[in-house]
>>> print(open('protein.tsv').read())   # TSV, C-alpha atoms
chain	number	residue	atom	x	y	z
A	13	MET	CA	250.30	-44.82	-9.12
A	14	LYS	CA	252.06	-44.34	-5.83
A	15	LYS	CA	254.15	-47.24	-4.60
A	16	PRO	CA	252.94	-48.58	-1.23
A	17	SER	CA	255.24	-47.99	1.69
A	18	ASN	CA	256.82	-51.02	3.39
A	19	TYR	CA	256.80	-49.44	6.80
A	20	ILE	CA	253.80	-48.84	9.02
A	21	GLY	CA	253.71	-47.60	12.57
A	22	GLU	CA	251.87	-49.16	15.48
A	23	PHE	CA	248.89	-46.81	15.25
A	24	GLU	CA	248.75	-47.18	11.48
A	25	GLU	CA	248.58	-50.92	11.90
A	26	LEU	CA	245.77	-50.59	14.38
A	27	VAL	CA	243.87	-48.30	12.04
A	28	LEU	CA	244.29	-50.75	9.15
A	29	LEU	CA	243.00	-53.60	11.31
A	30	ALA	CA	240.06	-51.46	12.45
A	31	ILE	CA	239.16	-50.70	8.84
A	32	LEU	CA	239.34	-54.40	8.01
A	33	SER	CA	237.13	-55.25	10.99
A	34	GLN	CA	234.39	-52.89	9.80
A	35	GLY	CA	234.15	-54.32	6.29
A	36	ASP	CA	232.04	-52.17	3.97
A	37	ASN	CA	230.88	-49.89	6.76
A	38	ALA	CA	234.31	-48.45	7.51
A	39	TYR	CA	234.13	-44.70	7.92
A	40	GLY	CA	235.35	-42.23	10.51
A	41	VAL	CA	232.86	-42.92	13.29
A	42	THR	CA	232.91	-46.72	13.07
A	43	ILE	CA	236.71	-46.85	12.79
A	44	HIS	CA	237.03	-44.48	15.75
A	45	GLU	CA	234.65	-46.57	17.87
A	46	ALA	CA	236.35	-49.83	16.90
A	47	LEU	CA	239.76	-48.40	17.81
A	48	GLU	CA	238.62	-47.04	21.17
A	49	GLU	CA	236.90	-50.31	22.00
A	50	ALA	CA	239.85	-52.47	21.02
A	51	THR	CA	242.65	-50.38	22.50
A	52	ASN	CA	240.67	-49.17	25.51
A	53	ARG	CA	242.12	-45.68	25.19
A	54	SER	CA	240.80	-42.32	24.12
A	55	ILE	CA	241.61	-41.47	20.53
A	56	THR	CA	240.83	-38.09	19.04
A	57	ILE	CA	239.25	-37.82	15.64
A	58	GLY	CA	242.06	-35.53	14.52
A	59	SER	CA	244.77	-38.10	15.13
A	60	LEU	CA	242.65	-40.72	13.36
A	61	TYR	CA	242.20	-38.55	10.28
A	62	THR	CA	245.86	-37.56	10.09
A	63	THR	CA	246.72	-41.26	10.20
A	64	LEU	CA	244.10	-42.11	7.58
A	65	SER	CA	245.37	-39.39	5.25
A	66	ARG	CA	248.94	-40.62	5.80
A	67	LEU	CA	247.89	-44.18	5.00
A	68	GLU	CA	246.19	-42.90	1.88
A	69	GLU	CA	249.33	-41.03	0.88
A	70	LYS	CA	251.30	-44.24	1.40
A	71	GLY	CA	248.89	-46.00	-0.92
A	72	LEU	CA	247.68	-48.48	1.70
A	73	VAL	CA	244.01	-47.46	1.83
A	74	GLU	CA	241.58	-46.07	-0.67
A	75	SER	CA	238.59	-43.88	0.09
A	76	TRP	CA	235.45	-42.62	-1.55
A	77	ILE	CA	232.70	-40.20	-0.61
A	78	GLY	CA	229.33	-41.63	0.39
A	79	GLU	CA	225.88	-40.08	0.48
A	80	PRO	CA	225.21	-37.14	2.81
A	81	THR	CA	222.86	-37.90	5.70
A	82	ALA	CA	220.70	-35.71	7.93
A	83	GLU	CA	222.20	-37.32	11.03
A	84	ARG	CA	225.53	-35.76	10.08
A	85	GLY	CA	224.09	-32.34	9.35
A	86	GLY	CA	223.94	-33.03	5.62
A	87	ARG	CA	227.60	-33.96	5.41
A	88	ALA	CA	228.84	-36.99	3.50
A	89	LYS	CA	230.77	-39.94	4.89
A	90	ARG	CA	234.16	-40.92	3.62
A	91	HIS	CA	234.41	-44.68	3.37
A	92	TYR	CA	237.73	-46.45	3.61
A	93	LYS	CA	238.96	-49.73	2.26
A	94	VAL	CA	242.28	-51.48	2.85
A	95	LYS	CA	244.12	-52.26	-0.35
A	96	ALA	CA	245.44	-55.74	-1.10
A	97	SER	CA	249.02	-54.50	-0.75
A	98	ALA	CA	248.26	-53.29	2.77
A	99	GLN	CA	246.73	-56.64	3.66
A	100	SER	CA	249.88	-58.46	2.61
A	101	LEU	CA	251.91	-55.90	4.53
A	102	LEU	CA	249.82	-56.55	7.62
A	103	LYS	CA	250.43	-60.28	7.23
A	104	ASP	CA	254.16	-59.64	6.97
A	105	VAL	CA	254.11	-57.50	10.10
A	106	GLN	CA	252.10	-60.14	11.89
A	107	ALA	CA	254.53	-62.87	10.81
A	108	ALA	CA	257.51	-60.77	11.91
A	109	ARG	CA	255.87	-60.23	15.27
A	110	GLU	CA	255.25	-63.98	15.59
A	111	ARG	CA	258.87	-64.74	14.82
A	112	LEU	CA	260.11	-62.14	17.28
A	113	VAL	CA	257.87	-63.39	20.05
A	114	THR	CA	259.03	-67.00	19.62
A	115	LEU	CA	262.69	-66.06	19.93
A	116	GLU	CA	264.48	-67.83	22.73
A	117	PRO	CA	265.13	-65.06	25.33
A	118	LEU	CA	261.45	-64.08	25.55
A	119	GLY	CA	260.31	-67.68	25.82
A	120	ASP	CA	256.70	-67.82	27.03
A	121	PHE	CA	255.86	-64.19	26.23
A	122	ARG	CA	252.82	-65.38	24.31
B	9	MET	CA	140.32	16.38	61.10
B	10	LYS	CA	142.23	13.28	60.54
B	11	GLN	CA	145.22	12.88	62.84
B	12	GLU	CA	148.23	11.45	61.16
B	13	ASP	CA	149.91	8.70	63.05
B	14	PRO	CA	153.61	9.55	63.33
B	15	GLN	CA	154.48	5.86	63.21
B	16	ARG	CA	152.74	5.40	59.87
B	17	HIS	CA	154.69	6.00	56.71
B	18	GLU	CA	153.67	6.19	53.13
B	19	PHE	CA	155.33	4.13	50.46
B	20	ARG	CA	154.75	3.79	46.78
B	21	LEU	CA	155.78	0.41	45.46
B	22	THR	CA	156.98	0.74	41.94
B	23	SER	CA	158.06	-2.79	41.20
B	24	PRO	CA	156.03	-4.00	38.19
B	25	ASP	CA	156.57	-7.70	38.79
B	26	GLY	CA	155.96	-7.46	42.48
B	27	CYS	CA	159.12	-9.20	43.35
B	28	ASN	CA	159.75	-6.93	46.28
B	29	GLU	CA	156.15	-6.94	47.44
B	30	PRO	CA	155.80	-8.05	51.04
B	31	LYS	CA	153.54	-11.05	51.43
B	32	ARG	CA	152.42	-10.01	54.81
B	33	ARG	CA	150.71	-6.92	53.40
B	34	GLN	CA	148.38	-9.07	51.30
B	35	THR	CA	146.47	-10.11	54.39
B	36	GLN	CA	145.79	-6.55	55.44
B	37	HIS	CA	144.86	-4.98	52.16
B	38	SER	CA	142.69	-5.89	49.27
B	39	ARG	CA	144.23	-7.79	46.37
B	40	ASP	CA	143.27	-5.35	43.70
B	41	TRP	CA	145.96	-3.65	41.62
B	42	ASP	CA	145.78	-0.27	43.34
B	43	SER	CA	146.23	-1.68	46.76
B	44	GLU	CA	148.92	-4.03	45.59
B	45	PHE	CA	150.97	-1.42	43.77
B	46	GLY	CA	149.39	1.86	44.69
B	47	ARG	CA	149.65	4.01	47.68
B	48	VAL	CA	150.19	1.87	50.76
B	49	ASP	CA	150.35	2.88	54.34
B	50	LEU	CA	152.72	0.92	56.53
B	51	ASN	CA	153.50	1.18	60.18
B	52	ARG	CA	157.00	0.73	61.59
B	53	ASP	CA	156.73	-3.05	62.16
B	54	GLN	CA	155.36	-3.59	58.70
B	55	LEU	CA	158.10	-1.42	57.31
B	56	LYS	CA	160.64	-3.49	59.21
B	57	LEU	CA	159.14	-6.71	57.90
B	58	TRP	CA	158.98	-5.35	54.38
B	59	PHE	CA	162.56	-4.14	54.63
B	60	GLU	CA	163.69	-7.57	55.85
B	61	ASP	CA	161.85	-9.18	52.93
B	62	VAL	CA	163.45	-6.80	50.51
B	63	VAL	CA	166.88	-7.39	51.99
B	64	THR	CA	166.38	-11.16	51.98
B	65	HIS	CA	165.19	-11.10	48.41
B	66	ALA	CA	168.01	-8.82	47.40
B	67	ASN	CA	170.45	-11.15	49.11
B	68	GLN	CA	168.98	-14.11	47.29
B	69	GLU	CA	169.11	-12.26	43.99
B	70	PHE	CA	172.62	-11.13	44.66
B	71	ALA	CA	173.66	-14.65	45.63
B	72	LYS	CA	172.02	-16.03	42.50
B	73	SER	CA	173.61	-13.45	40.24
B	74	PHE	CA	176.93	-13.91	42.01
B	75	ARG	CA	176.63	-17.66	41.55
B	76	ASP	CA	175.79	-17.18	37.88
B	77	THR	CA	178.60	-14.68	37.47
B	78	ARG	CA	180.96	-16.98	39.26
B	79	GLN	CA	179.95	-19.93	37.09
B	80	GLU	CA	180.32	-17.77	34.02
B	81	SER	CA	183.64	-16.40	35.18
B	82	ASN	CA	184.74	-19.94	36.01
B	83	ARG	CA	183.89	-20.94	32.49
B	84	GLU	CA	185.85	-17.97	31.19
B	85	VAL	CA	188.78	-18.80	33.45
B	86	ASN	CA	188.67	-22.41	32.27
B	87	LYS	CA	188.65	-21.24	28.66
B	88	LEU	CA	191.56	-18.90	29.36
B	89	ALA	CA	193.47	-21.63	31.16
B	90	ALA	CA	192.85	-24.04	28.28
B	91	THR	CA	194.05	-21.43	25.80
B	92	ILE	CA	197.17	-20.69	27.84
B	93	GLY	CA	197.78	-24.42	28.23
B	94	ALA	CA	197.45	-24.97	24.50
B	95	LEU	CA	199.80	-22.06	23.79
B	96	LEU	CA	202.32	-23.39	26.30
B	97	MET	CA	202.07	-26.84	24.77
B	98	ILE	CA	202.63	-25.44	21.29
B	99	GLY	CA	205.58	-23.42	22.59
B	100	TRP	CA	207.04	-26.44	24.31
B	101	LEU	CA	206.64	-28.56	21.19
B	102	PHE	CA	208.22	-25.83	19.08
B	103	ARG	CA	211.08	-25.51	21.52
B	104	ALA	CA	211.51	-29.29	21.70
B	105	THR	CA	211.57	-29.48	17.89
B	106	LYS	CA	214.03	-26.61	17.76
B	107	GLU	CA	216.18	-28.27	20.41
B	108	THR	CA	216.11	-31.54	18.50
B	109	HIS	CA	217.61	-29.73	15.55
B	110	SER	CA	219.99	-27.58	17.56
B	111	ALA	CA	220.89	-30.33	20.04
B	112	PHE	CA	223.10	-31.96	17.42
B	113	ARG	CA	224.72	-28.67	16.64
B	114	PRO	CA	228.15	-28.70	18.27
B	115	PRO	CA	229.76	-25.59	19.77
B	116	PHE	CA	230.38	-23.17	16.95
B	117	ASN	CA	233.77	-21.92	18.18
B	118	ALA	CA	235.18	-25.42	18.46
B	119	GLU	CA	233.92	-26.26	15.00
B	120	TYR	CA	235.53	-23.12	13.64
B	121	VAL	CA	238.89	-24.04	15.19
B	122	LEU	CA	238.69	-27.38	13.40
B	123	TYR	CA	237.97	-25.59	10.15
B	124	LEU	CA	241.18	-23.63	10.55
B	125	PHE	CA	243.34	-26.71	10.85
B	126	LEU	CA	241.64	-29.19	8.57
B	127	ARG	CA	242.27	-29.50	4.88
B	128	ARG	CA	239.52	-28.24	2.67
B	129	GLU	CA	238.82	-31.68	1.18
B	130	GLU	CA	238.46	-33.39	4.54
B	131	ARG	CA	236.50	-30.74	6.46
B	132	ASP	CA	233.06	-32.08	5.67
B	133	GLU	CA	233.90	-35.68	6.55
B	134	VAL	CA	235.64	-34.87	9.83
B	135	VAL	CA	233.02	-32.40	11.01
B	136	GLY	CA	230.27	-34.80	9.85
B	137	ASP	CA	231.82	-37.62	11.89
B	138	LEU	CA	232.08	-35.37	14.92
B	139	ILE	CA	228.47	-34.23	14.54
B	140	GLU	CA	227.29	-37.84	14.26
B	141	SER	CA	229.15	-38.89	17.40
B	142	TYR	CA	228.07	-35.68	19.11
B	143	GLY	CA	224.44	-36.57	18.37
B	144	HIS	CA	224.84	-40.03	19.90
B	145	ILE	CA	226.50	-38.60	23.00
B	146	THR	CA	223.83	-35.89	23.32
B	147	GLN	CA	221.08	-38.50	23.26
B	148	ARG	CA	222.87	-40.61	25.82
B	149	PHE	CA	224.45	-38.11	28.20
B	150	GLY	CA	222.93	-34.72	27.40
B	151	LYS	CA	224.08	-31.61	25.60
B	152	ARG	CA	226.50	-30.31	28.22
B	153	ARG	CA	228.51	-33.52	28.37
B	154	ALA	CA	228.43	-33.76	24.59
B	155	ASP	CA	229.82	-30.23	24.42
B	156	VAL	CA	232.62	-31.23	26.78
B	157	TRP	CA	233.34	-34.26	24.62
B	158	PHE	CA	233.41	-32.10	21.50
B	159	TYR	CA	235.81	-29.59	23.04
B	160	LYS	CA	238.03	-32.45	24.18
B	161	GLN	CA	238.07	-33.91	20.69
B	162	VAL	CA	238.97	-30.55	19.17
B	163	ALA	CA	241.65	-29.86	21.76
B	164	GLY	CA	243.13	-33.34	21.29
B	165	SER	CA	243.04	-32.98	17.53
B	166	MET	CA	244.98	-29.74	17.57
B	167	LEU	CA	248.39	-31.30	18.11
B	168	PRO	CA	248.32	-33.90	15.29
B	169	LEU	CA	246.69	-31.49	12.87
B	170	PHE	CA	249.12	-28.72	13.74
B	171	ARG	CA	252.07	-31.14	13.45
B	172	ARG	CA	250.85	-32.19	10.04
B	173	SER	CA	250.60	-28.58	8.96
B	174	LEU	CA	254.09	-27.92	10.28
B	175	LEU	CA	255.46	-30.96	8.47
B	176	ARG	CA	253.94	-29.69	5.25
B	177	LEU	CA	255.33	-26.25	5.93
B	178	GLY	CA	258.68	-27.79	6.82
B	179	ALA	CA	258.67	-29.72	3.57
B	180	PHE	CA	258.12	-26.48	1.68
B	181	VAL	CA	260.98	-24.86	3.60
B	182	TRP	CA	263.30	-27.76	2.76
B	183	ILE	CA	262.32	-27.67	-0.90
B	184	GLY	CA	262.99	-23.92	-0.87
B	185	ARG	CA	266.41	-24.43	0.67
B	186	ILE	CA	267.35	-27.12	-1.87
B	187	LEU	CA	266.18	-24.95	-4.77
B	188	ARG	CA	268.13	-21.99	-3.42
B	189	ARG	CA	271.30	-24.10	-3.20
B	190	LEU	CA	270.78	-25.45	-6.70
B	191	ILE	CA	270.23	-21.98	-8.12
B	192	SER	CA	273.20	-20.43	-6.34
>>> encode(input="protein.tsv", output="structure tokens")
Amino acid sequence: MKKPSNYIGEFEELVLLAILSQGDNAYGVTIHEALEEATNRSITIGSLYTTLSRLEEKGLVESWIGEPTAERGGRAKRHYKVKASAQSLLKDVQAARERLVTLEPLGDFR
Amino acid sequence: MKQEDPQRHEFRLTSPDGCNEPKRRQTQHSRDWDSEFGRVDLNRDQLKLWFEDVVTHANQEFAKSFRDTRQESNREVNKLAATIGALLMIGWLFRATKETHSAFRPPFNAEYVLYLFLRREERDEVVGDLIESYGHITQRFGKRRADVWFYKQVAGSMLPLFRRSLLRLGAFVWIGRILRRLIS
């Protein structure tokens, strides 16, 4: 089994959080919509899928193929789930961000 | 010798039902069959009256037949219009059904470009996601705007997908270089 990476980029973090926010219904369309809504910027499906495949290669998310639907032209969905290791990594990143924000020179940045 | 009046004319009425028989003549001649439909002498005024009767009757008959024909032709026109309407309705329904299926069909060229850059294992999911979103946008904003959105997605996806391909290619190049150094 591949060892999870300890480094994630800003967009990777956002994607992980978007997957977590969607629960069991996390697939391309819902993740894409959640990201666009949260970040308020246009995100292409290509950049999302390259990030998702990178996260999968890093061992932070797992995916499985769902049932094909007529709405999608008979194509199946690929569902995503954040692994426990990625959740702990997200907590670490969040904690590091908290510590950095509370440092003295920034003061009331929060 | 009997002098023939130049103003008198001879007519033989041949109508069996007597529909063109002048009424006025009945007062001057006997009502038997021969006088009714046989040889009848008429002067110019009587001829004029008879001719007016015939013309009036013919006009009435013509008007009646025209009215009947018009009613009949109206019925035929109505039938034809109903048939054309039904055919148009069927055509419209067929077209609408066809459009419903084809409306969620994104531009083929753009889809093909995606196929070139996507990995084989992720093609179905990515294109399926795009088709699903494309369907939502089509329903909300129409096909043209959905097409624009689709092209924008494909154009925006080119760079990250191409970069990923290059990175993979670059990795192969680096592995090749390392192997070549090790071998030499």
>>> interface_residues(input="protein.tsv", of="chain A", to="chain B", cutoff="10 Å", atoms="all atoms listed in the file", output="mmCIF file with C-alpha atoms, keeping the file's coordinate frame")
data_model
loop_
_atom_site.group_PDB
_atom_site.id
_atom_site.type_symbol
_atom_site.label_atom_id
_atom_site.label_comp_id
_atom_site.auth_asym_id
_atom_site.auth_seq_id
_atom_site.Cartn_x
_atom_site.Cartn_y
_atom_site.Cartn_z
ATOM 1 C CA TYR A 39 234.130 -44.700 7.920
ATOM 2 C CA GLY A 40 235.350 -42.230 10.510
ATOM 3 C CA VAL A 41 232.860 -42.920 13.290
ATOM 4 C CA THR A 42 232.910 -46.720 13.070
ATOM 5 C CA HIS A 44 237.030 -44.480 15.750
ATOM 6 C CA GLU A 45 234.650 -46.570 17.870
ATOM 7 C CA SER A 54 240.800 -42.320 24.120
ATOM 8 C CA ILE A 55 241.610 -41.470 20.530
ATOM 9 C CA THR A 56 240.830 -38.090 19.040
ATOM 10 C CA ILE A 57 239.250 -37.820 15.640
ATOM 11 C CA GLY A 58 242.060 -35.530 14.520
ATOM 12 C CA SER A 59 244.770 -38.100 15.130
ATOM 13 C CA LEU A 60 242.650 -40.720 13.360
ATOM 14 C CA TYR A 61 242.200 -38.550 10.280
ATOM 15 C CA THR A 62 245.860 -37.560 10.090
ATOM 16 C CA THR A 63 246.720 -41.260 10.200
ATOM 17 C CA SER A 65 245.370 -39.390 5.250
ATOM 18 C CA ARG A 66 248.940 -40.620 5.800
ATOM 19 C CA ILE A 77 232.700 -40.200 -0.610
ATOM 20 C CA GLY A 78 229.330 -41.630 0.390
ATOM 21 C CA PRO A 80 225.210 -37.140 2.810
ATOM 22 C CA THR A 81 222.860 -37.900 5.700
ATOM 23 C CA ALA A 82 220.700 -35.710 7.930
ATOM 24 C CA GLU A 83 222.200 -37.320 11.030
ATOM 25 C CA ARG A 84 225.530 -35.760 10.080
ATOM 26 C CA GLY A 85 224.090 -32.340 9.350
ATOM 27 C CA GLY A 86 223.940 -33.030 5.620
ATOM 28 C CA ARG A 87 227.600 -33.960 5.410
ATOM 29 C CA ALA A 88 228.840 -36.990 3.500
ATOM 30 C CA LYS A 89 230.770 -39.940 4.890
ATOM 31 C CA ARG A 90 234.160 -40.920 3.620
ATOM 32 C CA HIS A 91 234.410 -44.680 3.370
#
>>> atom_distance(input="protein.tsv", atom1="atom CA of B:Asn117", atom2="atom CA of B:Leu174")
22.6 Å
>>> atom_distance(input="protein.tsv", atom1="atom CA of A:Ala108", atom2="atom CA of A:Ser75")
28.0 Å
>>> atom_distance(input="protein.tsv", atom1="atom CA of B:Glu69", atom2="atom CA of B:Leu55")
20.4 Å
>>> closest_residue(input="protein.tsv", among="A:Asp36, A:Glu74, A:Leu67, A:Glu110", to="A:Glu24", atoms="all atoms listed in the file")
A:Leu67
